[in-house]
Each structure stands twice: as structure tokens, then as C-alpha cells.
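Each remark here refers to the structure printed beneath this line.
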Amino acid sequence: MEPAILIITLACGMLVSRVGLPPLIGYLVAGFVLFLFGIEESSLPMLEQLANLGVTLLLFAIGLKLDIRSLFKAEVLAGSSLHLLGSMLFFIPLLKLLGLLGLEQLTGLELNQLGLLAFALSFSSTIFAVKILEDKGDMQSLYGRVAIGILIMQDIFAVAFLTISKGDIPSYWALCLLLLPLAKPLIYKAFDRVGHGELLVLFGLVMALVMGAWLFEIVGLKPDLGALIIGILLAGHPKSSELAKSLFYFKELFLVAFFLTVGLNGLPTFSDIGLAAILVLVVPIKIVLFLYLLTHFKLRSRTALLSSFSLGNYSEFGLIVAAVATSKGWLPPQWMVILAVALSFSFLFSAPLNIASNRLYQKYQNRLQRLEKHPLHPEDRPIHVGNPRFLILGMGRIGSGAYDELRVQYEGEILGVEHKQDLVDYHNQEGRNVVQGDASDTDFWEKLDKAPNLELVLLAMPHHVGNLFAVEQLKRLDYQGKLSAIVQYKEDADSLQESGVHSVYNLYEAAGAGFVDHVVKELLSPNGTTPDHPQAVNHPRSDS
């Protein structure tokens, strides 16, 4: 049946994708379909192992991108804690009321059982939010970082519960894990030497599954917590982003197994589906609570709304909590199926909201802005750019060089934009006018002041997708000046020119021409000057 499992999973994923929904919903459906054919999770032990690997690698990948300081920000630490408390205070009476109204699944449940269900329902899906943010390219946006920070805190709450629920006190050897930061120089040295190929992938798997999951498990702690902490430990390394990208498809493939195992737990009854539908009808309450809390912490209403939409669903960690509770007899087994259906329905509800999030914000902008508290959060205030003639997006080596060349003739009329705060500080110390902002992030363009005399925008970001996105945003803002961009590949140049960029500069072609000029000047020219010769490559291409 193994070929049939793959074919059914692929077919369900493709069908769901065709209607604009995340493929993971198709994988859940595939699990139910496979169960109809008589396949149960217990008959596929390898699938469960792959599912566990998927969750472990997900937390490791999140750790690789996480700035631990972000967890201690009020909107994350207090926001997640208050939302957890508020959700439980809402769900416990609601579930009790539904039981009194005669829903058989809730009749006779004790208060501690209702508390467990409320705890499981309070979480939001890390997998769903990460997928949505990655697909939209908003992982590094402020609203994305806030959502991920809250999810990390929720995951920590869940891992703490799972650790306590084991009934075992962690070994005293667990205290030795506090010494892990002391091993950081040695781990970083190994990280430096693994290169960029298959050794990098193998290094990442060893870090996540051995140094993280296995090491924490043998001292009585949750393996997933270990993967997360090791990921955070590696996050400061220059190659952490590359490692996350190298493990991306491993993580994605293993997570397919996770969603299949959810569906393989059994088919719901009509009564179970009805209860799951009722639970999904109250998801807007979760969203409204997030929206209120995040605006209370002085985030813009747009940032708060987009974060809330990302978190407006139920969680796979809620399923994991329920699985532990049912295995220990704390909850009836049918609740695993009910929560799986509620999770699936919540994804169906949340996916269109996230797709239409910007349109919904624009429609209700005036009402939402009444929720804002001033002064706004320091990271969410308008970006004041002054009145430059030249704007450089991306202040790496190329952007810096372009800035310095322009500064010779246009001192005081140039503005650079860079998303890394340490680089912004460096450029400002060097006398360059640079502000912090990520031009590949929709938040940046929403907060950007207009510059009426802007004549030329230079797109010097290293990724083609980011440059293309910036072009789209400039057109949306009705920018009428010139656009120039750097590219690495000819097809990138073509797509940029089709989108309206006036000139493109191919880095590889330019590097080759510059290398020849240098060689001729240094080695072949007898008087140290470059002889006249025809330009071999086409540098900027212009439509003007």
C-alpha cells in the first residue's frame, strides 16, 4: 500500500492547492481517506517516526531564525501569557455550557478535564503560521516576528506540560544542560568547517536530533524542547540561515507525515463534526483577543491584525497535548478525532483570512486604528526618510559602493535602507545616511513616508524576489522616477525589465569585465593605463 499512500497524499495536496488553500489541509484529508481504506496509524510505525522528526525539525528551524531577546518583549511574553489565560477563562465556561445543553462528548466531564481541553484549544498552529508567513515572504516582518514569538511561547507552555505529564522528574544530569552555552565556541568552529554541501545538512541533523532531541530526552526532558534550544544556540552563526534553507525540504516532507497521522486516528461521527464546527465558530474570539492585546501593547492596528490572523486557528500542539491526555486516561479517546477535525476546519477558516488580510485591513482601517495606543511601539512607528533624490535599497557591499560613488556629487541627497540594525549603525558611524527597514517586507512600505523629490531608486538587495517585490510596492505608491537593479541571472533581468525597471546591472558580467580591465591595467599596459578596447559586455540596459 505504500505507493497508494504516496499517490493519495499527492493527489489530495494538489487538489487543495488548486483552490488556493494550503496543501497541509489536503494531507489531513488524505489521512482520513487512507483510514477509510482500512489503514491505521498503528500499522505504519515508520510514519509516526517521520511525523515526530518533522515536528522536531520544525522547532529546530524556528530556533535557527529566532532572536531570543524577542521572547522577552512585552507583546510576546505578556501577550502570549494573557491570551492563554483569557482563552482558558473563555473555553472552560463555554465547554461546560455545551455539556449542560446536552452535547454527549462534554456531558459528565470534570472541571480538570475541561481545563485540559481549554488548554489544548488555546494554542495556535506553528506549522500553519510558518507556512503562511513563508509563502507570503513575511517571516522577518514585524507582524511575522510577533506571531512567531507568541507561537514559541505557546510551544514552551506545551512542552512544559508534556514534560510534567510524563510523571517523571528530570534527571539531575539535566542541570548539566545549563553548560551548553560554554560549548558554543566548539560547535561554531565545527559549523565553520562543514562547508556548504551535504556535510552542512548532516551537521544540522546531528545538531537537531542528537545534540538537541536525544540529549534532552536521556536526561528526562522533552526532545522537541532540546531541538528548539539548540536551534537558538546556533542562531547567531552567519550560516544559520543557510542551514535552515538546507533542511527546509526535509522538514516539509516529514511534516506531511505528521498531518497524515492526524487523519489516521479515525473518522469522526456526525456529532463529532458538529462539535468541531461549533469550536471553529468561536475562533474569531481568539482573533479578537489577540487583536486587543497586541494593540494594547502599542502595535499598529495593521500589525496586530495580521499577527492575529496568523494565529487564528487551532494547533497541532493542542493535538499532542490531547494525545498525551487520552493515553493517560485523562480524556476520552474520541477527543483526538474531534480536535483533529476542529484543527482542519480552523485551517479552512484561517487560510482565506490570511490571503485577504491586507484587503480586509484597508476596508476596516479607520475602525481598527481607533484601537491603537500612542505613542506607538518603537519598531512600528512611521519611517521618516526626509527628502532624498536617491534611494538605495540594500546597503551591503554593492549598495555601499553605489552610495559612496553618488556621494561624490550628491552629498546629502542620498538615503540607504538596510534591514540589519548592526549594519545601519555601522553606516551611520561612517557618515552615510541609512535607516533601518526591510524593503522585502510589506510593513516597511506601509510605514514609509513619501519623498516627493525622489528621482532614482537603486535595488541592491541580494535576492531577486526582494527586488521584484520592491518594484511592485513602488508602483503601488505611484512612484514616477527611475528604477535600477542588480541581477545575477539573465532571466532575473528579463522579469525586472518586464515589471518596469529601467536599467539592470548583471553582477557576473560586470565582474568579468572588471577583472579584464584590472588585468590589462596591471599586467599588460606598459605605462600602467588601460588601452582603448571595446566594451565586451552590456552593463546597464535602458529603455529611455
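So you can find residues: chains in the C-alpha cells are A, B, ... in the order shown, residues in each start at 1, and ligands are numbered from 1 in order.
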
request  = Write out as a PyMOL selection string which residues come within 7 Å of range 318-324 of chain A when counting only C-alpha atoms, dropping same-chain ones fewer than 4 positions away.
outcome  = chain A and resi 120-121+123+162+328+336+339-340

Where in range 2-132 of chain A does DSSP assign helix (DSSP H, G or I), given as a PDB file with C-alpha atoms, in the first residue's frame?
```pdb
ATOM      1  CA  GLU A   2       2.989   2.311   0.220  1.00  0.00           C
ATOM      2  CA  PRO A   3       2.634   3.545  -3.406  1.00  0.00           C
ATOM      3  CA  ALA A   4      -1.091   4.174  -2.795  1.00  0.00           C
ATOM      4  CA  ILE A   5      -0.274   6.252   0.305  1.00  0.00           C
ATOM      5  CA  LEU A   6       2.041   8.490  -1.706  1.00  0.00           C
ATOM      6  CA  ILE A   7      -0.381   8.812  -4.628  1.00  0.00           C
ATOM      7  CA  ILE A   8      -3.389   9.658  -2.441  1.00  0.00           C
ATOM      8  CA  THR A   9      -1.378  12.173  -0.409  1.00  0.00           C
ATOM      9  CA  LEU A  10      -0.056  13.872  -3.556  1.00  0.00           C
ATOM     10  CA  ALA A  11      -3.494  13.964  -5.170  1.00  0.00           C
ATOM     11  CA  CYS A  12      -5.174  15.469  -2.095  1.00  0.00           C
ATOM     12  CA  GLY A  13      -2.401  18.052  -1.700  1.00  0.00           C
ATOM     13  CA  MET A  14      -2.642  19.094  -5.360  1.00  0.00           C
ATOM     14  CA  LEU A  15      -6.453  19.328  -5.298  1.00  0.00           C
ATOM     15  CA  VAL A  16      -6.429  21.555  -2.216  1.00  0.00           C
ATOM     16  CA  SER A  17      -3.681  23.741  -3.694  1.00  0.00           C
ATOM     17  CA  ARG A  18      -5.758  24.290  -6.840  1.00  0.00           C
ATOM     18  CA  PRO A  23      -1.561  21.760   0.890  1.00  0.00           C
ATOM     19  CA  LEU A  24      -1.385  20.682   4.531  1.00  0.00           C
ATOM     20  CA  ILE A  25      -5.216  20.633   4.579  1.00  0.00           C
ATOM     21  CA  GLY A  26      -5.021  18.119   1.734  1.00  0.00           C
ATOM     22  CA  TYR A  27      -2.649  15.964   3.775  1.00  0.00           C
ATOM     23  CA  LEU A  28      -5.170  15.898   6.639  1.00  0.00           C
ATOM     24  CA  VAL A  29      -7.881  14.856   4.170  1.00  0.00           C
ATOM     25  CA  ALA A  30      -5.532  12.186   2.794  1.00  0.00           C
ATOM     26  CA  GLY A  31      -5.180  10.765   6.303  1.00  0.00           C
ATOM     27  CA  PHE A  32      -8.971  10.402   6.607  1.00  0.00           C
ATOM     28  CA  VAL A  33      -9.164   8.845   3.114  1.00  0.00           C
ATOM     29  CA  LEU A  34      -6.453   6.316   3.998  1.00  0.00           C
ATOM     30  CA  PHE A  35      -8.336   5.449   7.179  1.00  0.00           C
ATOM     31  CA  LEU A  36     -11.412   4.737   5.042  1.00  0.00           C
ATOM     32  CA  GLU A  41      -1.590   4.671  12.314  1.00  0.00           C
ATOM     33  CA  SER A  42      -0.596   1.585  14.311  1.00  0.00           C
ATOM     34  CA  SER A  43       0.112  -0.272  11.046  1.00  0.00           C
ATOM     35  CA  PRO A  45       5.136   2.862  12.736  1.00  0.00           C
ATOM     36  CA  MET A  46       7.626   4.472  10.346  1.00  0.00           C
ATOM     37  CA  LEU A  47       5.087   7.194   9.527  1.00  0.00           C
ATOM     38  CA  GLU A  48       4.804   8.151  13.182  1.00  0.00           C
ATOM     39  CA  GLN A  49       8.600   8.355  13.468  1.00  0.00           C
ATOM     40  CA  LEU A  50       8.753  10.618  10.426  1.00  0.00           C
ATOM     41  CA  ALA A  51       5.982  12.777  11.901  1.00  0.00           C
ATOM     42  CA  ASN A  52       7.958  13.194  15.126  1.00  0.00           C
ATOM     43  CA  LEU A  53      11.041  14.111  13.080  1.00  0.00           C
ATOM     44  CA  GLY A  54       9.004  16.729  11.246  1.00  0.00           C
ATOM     45  CA  VAL A  55       7.900  18.459  14.455  1.00  0.00           C
ATOM     46  CA  THR A  56      11.442  18.265  15.848  1.00  0.00           C
ATOM     47  CA  LEU A  57      12.990  19.799  12.722  1.00  0.00           C
ATOM     48  CA  LEU A  58      10.269  22.458  12.656  1.00  0.00           C
ATOM     49  CA  LEU A  59      11.209  23.637  16.145  1.00  0.00           C
ATOM     50  CA  PHE A  60      14.921  23.435  15.270  1.00  0.00           C
ATOM     51  CA  ALA A  61      14.334  25.588  12.154  1.00  0.00           C
ATOM     52  CA  ILE A  62      12.347  28.113  14.196  1.00  0.00           C
ATOM     53  CA  GLY A  63      15.187  28.287  16.713  1.00  0.00           C
ATOM     54  CA  LEU A  64      17.686  28.961  13.913  1.00  0.00           C
ATOM     55  CA  ILE A  68      15.963  35.011  21.947  1.00  0.00           C
ATOM     56  CA  ARG A  69      15.614  38.625  23.028  1.00  0.00           C
ATOM     57  CA  SER A  70      12.342  38.821  21.101  1.00  0.00           C
ATOM     58  CA  LEU A  71      10.718  36.413  23.569  1.00  0.00           C
ATOM     59  CA  PHE A  72      11.157  38.894  26.398  1.00  0.00           C
ATOM     60  CA  ALA A  74       6.035  42.656  26.319  1.00  0.00           C
ATOM     61  CA  GLU A  75       3.879  41.954  23.272  1.00  0.00           C
ATOM     62  CA  VAL A  76       5.291  38.401  23.094  1.00  0.00           C
ATOM     63  CA  LEU A  77       5.817  37.314  26.700  1.00  0.00           C
ATOM     64  CA  ALA A  78       2.844  39.099  28.280  1.00  0.00           C
ATOM     65  CA  GLY A  79       0.705  38.825  25.140  1.00  0.00           C
ATOM     66  CA  SER A  80       1.036  35.028  24.924  1.00  0.00           C
ATOM     67  CA  SER A  81       0.561  34.546  28.671  1.00  0.00           C
ATOM     68  CA  LEU A  82      -2.513  36.783  28.888  1.00  0.00           C
ATOM     69  CA  HIS A  83      -4.013  35.188  25.787  1.00  0.00           C
ATOM     70  CA  LEU A  84      -3.528  31.714  27.252  1.00  0.00           C
ATOM     71  CA  LEU A  85      -5.232  32.800  30.482  1.00  0.00           C
ATOM     72  CA  GLY A  86      -8.041  34.622  28.650  1.00  0.00           C
ATOM     73  CA  SER A  87      -8.638  31.665  26.308  1.00  0.00           C
ATOM     74  CA  MET A  88      -8.946  29.232  29.194  1.00  0.00           C
ATOM     75  CA  LEU A  89     -11.326  31.550  31.061  1.00  0.00           C
ATOM     76  CA  PHE A  90     -13.451  31.666  27.891  1.00  0.00           C
ATOM     77  CA  PHE A  91     -13.325  28.000  26.861  1.00  0.00           C
ATOM     78  CA  ILE A  92     -13.986  26.373  30.252  1.00  0.00           C
ATOM     79  CA  PRO A  93     -17.427  28.036  30.719  1.00  0.00           C
ATOM     80  CA  LEU A  94     -18.231  27.539  27.035  1.00  0.00           C
ATOM     81  CA  LEU A  95     -17.475  23.801  27.148  1.00  0.00           C
ATOM     82  CA  LYS A  96     -19.406  23.463  30.431  1.00  0.00           C
ATOM     83  CA  LEU A  97     -22.399  25.217  28.857  1.00  0.00           C
ATOM     84  CA  LEU A  98     -22.301  22.955  25.789  1.00  0.00           C
ATOM     85  CA  GLY A  99     -22.261  19.957  28.116  1.00  0.00           C
ATOM     86  CA  LEU A 100     -25.292  21.255  30.007  1.00  0.00           C
ATOM     87  CA  LEU A 111     -13.544  20.677  35.700  1.00  0.00           C
ATOM     88  CA  ASN A 112      -9.940  19.444  35.363  1.00  0.00           C
ATOM     89  CA  GLN A 113     -10.861  17.707  32.085  1.00  0.00           C
ATOM     90  CA  LEU A 114     -12.499  20.882  30.787  1.00  0.00           C
ATOM     91  CA  GLY A 115      -9.334  22.734  31.800  1.00  0.00           C
ATOM     92  CA  LEU A 116      -7.215  20.309  29.743  1.00  0.00           C
ATOM     93  CA  LEU A 117      -9.435  20.839  26.690  1.00  0.00           C
ATOM     94  CA  ALA A 118      -9.347  24.619  27.157  1.00  0.00           C
ATOM     95  CA  PHE A 119      -5.549  24.451  27.428  1.00  0.00           C
ATOM     96  CA  ALA A 120      -5.333  22.443  24.172  1.00  0.00           C
ATOM     97  CA  LEU A 121      -7.729  24.812  22.362  1.00  0.00           C
ATOM     98  CA  THR A 126       3.019  26.830  14.485  1.00  0.00           C
ATOM     99  CA  ILE A 127       3.072  24.776  11.290  1.00  0.00           C
ATOM    100  CA  PHE A 128       0.221  26.714   9.682  1.00  0.00           C
ATOM    101  CA  ALA A 129       1.582  30.147  10.648  1.00  0.00           C
ATOM    102  CA  VAL A 130       5.120  29.356   9.468  1.00  0.00           C
ATOM    103  CA  LYS A 131       3.790  28.058   6.140  1.00  0.00           C
ATOM    104  CA  ILE A 132       1.599  31.136   5.632  1.00  0.00           C
TER     105      ILE A 132
END
```

ask   = Quick one: of A:Glu405, A:Asp155, A:Asp478, A:Glu498, who's nearest to Asp224 in chain A, counting only C-alpha atoms?
value =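 Nearest candidate to Asp224 in chain A out of A:Glu405, A:Asp155, A:Asp478, A:Glu498: A:Asp155.
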
task = May I have the residues within 9 Å of range 344-355 of chain A as a PyMOL selection string, using only C-alpha atoms and disregarding those fewer than 2 positions away in the same chain?
result = chain A and resi 20-22+24-25+28-29+125+128+132+136+276-277+279-281+283+306+309-314+339-342+357-360

The selected residues should be written to file as an mmCIF file, in the first residue's frame (atoms: C-alpha atoms).
```cif
data_model
loop_
_atom_site.group_PDB
_atom_site.id
_atom_site.type_symbol
_atom_site.label_atom_id
_atom_site.label_comp_id
_atom_site.auth_asym_id
_atom_site.auth_seq_id
_atom_site.Cartn_x
_atom_site.Cartn_y
_atom_site.Cartn_z
ATOM 1 C CA GLY A 20 -5.917 28.343 -3.094
ATOM 2 C CA LEU A 21 -5.686 26.572 0.273
ATOM 3 C CA PRO A 22 -2.500 25.318 1.996
ATOM 4 C CA LEU A 24 -1.385 20.682 4.531
ATOM 5 C CA ILE A 25 -5.216 20.633 4.579
ATOM 6 C CA LEU A 28 -5.170 15.898 6.639
ATOM 7 C CA VAL A 29 -7.881 14.856 4.170
ATOM 8 C CA SER A 125 -0.721 26.304 14.870
ATOM 9 C CA PHE A 128 0.221 26.714 9.682
ATOM 10 C CA ILE A 132 1.599 31.136 5.632
ATOM 11 C CA LYS A 136 3.924 35.433 1.794
ATOM 12 C CA ALA A 276 -15.806 20.654 15.858
ATOM 13 C CA ALA A 277 -17.796 23.155 13.770
ATOM 14 C CA LEU A 279 -15.433 25.140 18.160
ATOM 15 C CA VAL A 280 -14.396 26.746 14.867
ATOM 16 C CA LEU A 281 -17.227 29.283 15.155
ATOM 17 C CA VAL A 283 -12.086 31.077 16.560
ATOM 18 C CA LEU A 306 -2.058 40.413 10.537
ATOM 19 C CA PHE A 309 -4.991 36.314 11.569
ATOM 20 C CA SER A 310 -1.805 34.202 11.535
ATOM 21 C CA LEU A 311 -2.737 32.907 14.996
ATOM 22 C CA GLY A 312 -6.458 32.453 14.303
ATOM 23 C CA ASN A 313 -6.645 28.648 14.306
ATOM 24 C CA TYR A 314 -6.159 25.579 16.477
ATOM 25 C CA LEU A 339 -9.719 18.138 17.854
ATOM 26 C CA ALA A 340 -8.258 16.862 14.561
ATOM 27 C CA VAL A 341 -11.455 17.862 12.743
ATOM 28 C CA ALA A 342 -11.559 21.229 14.540
ATOM 29 C CA SER A 357 -5.677 40.174 5.238
ATOM 30 C CA ASN A 358 -4.430 43.342 3.520
ATOM 31 C CA ARG A 359 -7.741 43.882 1.746
ATOM 32 C CA LEU A 360 -9.666 43.447 4.999
#
```

So that I can check the surroundings of Gln154 in chain A, please list as a short mmCIF file (atom, residue, chain, number, x, y, z; two decimals) with all heavy atoms, in the first residue's frame every protein, DNA and RNA residue that reaches within 8 Å of it, counting only C-alpha atoms and ignoring chain neighbours fewer than 2 positions away.
```
data_model
loop_
_atom_site.label_atom_id
_atom_site.label_comp_id
_atom_site.auth_asym_id
_atom_site.auth_seq_id
_atom_site.Cartn_x
_atom_site.Cartn_y
_atom_site.Cartn_z
N SER A 80 1.32 36.46 24.99
CA SER A 80 1.04 35.03 24.92
C SER A 80 0.47 34.52 26.25
O SER A 80 -0.46 33.70 26.26
CB SER A 80 2.30 34.25 24.56
OG SER A 80 3.34 34.50 25.49
N PHE A 123 -4.01 27.03 22.03
CA PHE A 123 -2.84 27.15 21.18
C PHE A 123 -3.21 27.48 19.74
O PHE A 123 -4.30 27.17 19.27
CB PHE A 123 -2.03 25.83 21.18
CG PHE A 123 -1.49 25.46 22.53
CD1 PHE A 123 -1.68 24.19 23.04
CD2 PHE A 123 -0.79 26.37 23.29
CE1 PHE A 123 -1.20 23.84 24.27
CE2 PHE A 123 -0.29 26.03 24.53
CZ PHE A 123 -0.50 24.75 25.03
N SER A 124 -2.26 28.09 19.05
CA SER A 124 -2.37 28.34 17.61
C SER A 124 -1.33 27.51 16.89
O SER A 124 -0.30 27.13 17.47
CB SER A 124 -2.17 29.82 17.30
OG SER A 124 -3.13 30.61 17.99
N ILE A 150 5.05 34.61 19.77
CA ILE A 150 3.93 34.12 20.57
C ILE A 150 3.79 32.61 20.42
O ILE A 150 3.55 31.88 21.40
CB ILE A 150 2.63 34.84 20.15
CG1 ILE A 150 2.67 36.30 20.61
CG2 ILE A 150 1.40 34.13 20.72
CD1 ILE A 150 1.52 37.15 20.12
N LEU A 151 3.97 32.11 19.20
CA LEU A 151 3.90 30.66 18.98
C LEU A 151 5.00 29.93 19.73
O LEU A 151 4.77 28.84 20.27
CB LEU A 151 3.98 30.36 17.48
CG LEU A 151 2.75 30.75 16.66
CD1 LEU A 151 3.07 30.76 15.17
CD2 LEU A 151 1.60 29.79 16.95
N ILE A 152 6.20 30.51 19.76
CA ILE A 152 7.29 29.89 20.51
C ILE A 152 6.93 29.80 21.99
O ILE A 152 7.15 28.77 22.65
CB ILE A 152 8.60 30.68 20.34
CG1 ILE A 152 9.10 30.59 18.89
CG2 ILE A 152 9.67 30.17 21.29
CD1 ILE A 152 9.57 29.23 18.48
N ILE A 156 6.50 26.50 24.23
CA ILE A 156 7.19 26.29 25.51
C ILE A 156 6.18 25.87 26.59
O ILE A 156 6.45 24.97 27.39
CB ILE A 156 7.96 27.55 25.92
CG1 ILE A 156 9.15 27.77 24.96
CG2 ILE A 156 8.45 27.46 27.37
CD1 ILE A 156 9.88 29.08 25.17
N PHE A 157 5.00 26.52 26.60
CA PHE A 157 3.95 26.12 27.55
C PHE A 157 3.57 24.65 27.32
O PHE A 157 3.41 23.88 28.27
CB PHE A 157 2.71 26.99 27.38
CG PHE A 157 2.92 28.45 27.67
CD1 PHE A 157 2.18 29.42 27.02
CD2 PHE A 157 3.87 28.86 28.60
CE1 PHE A 157 2.37 30.77 27.29
CE2 PHE A 157 4.07 30.21 28.88
CZ PHE A 157 3.32 31.17 28.20
N ALA A 158 3.41 24.28 26.04
CA ALA A 158 3.01 22.90 25.71
C ALA A 158 4.10 21.91 26.11
O ALA A 158 3.81 20.85 26.68
CB ALA A 158 2.71 22.79 24.21
#
```

request  = Go through A:Leu376, A:Leu106, A:Val282, A:Val465 and flag the residue nearest Gln488 in chain A, using only C-alpha atoms for the distances.
outcome  =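 Looking only at the distances to Gln488 in chain A, the closest residue turns out to be A:Val465.
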
Between CA of Asp380 in chain A and CA of Val424 in chain A, distance in Å (one decimal) =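 For CA of Asp380 in chain A relative to CA of Val424 in chain A, the distance reads 17.2 Å.
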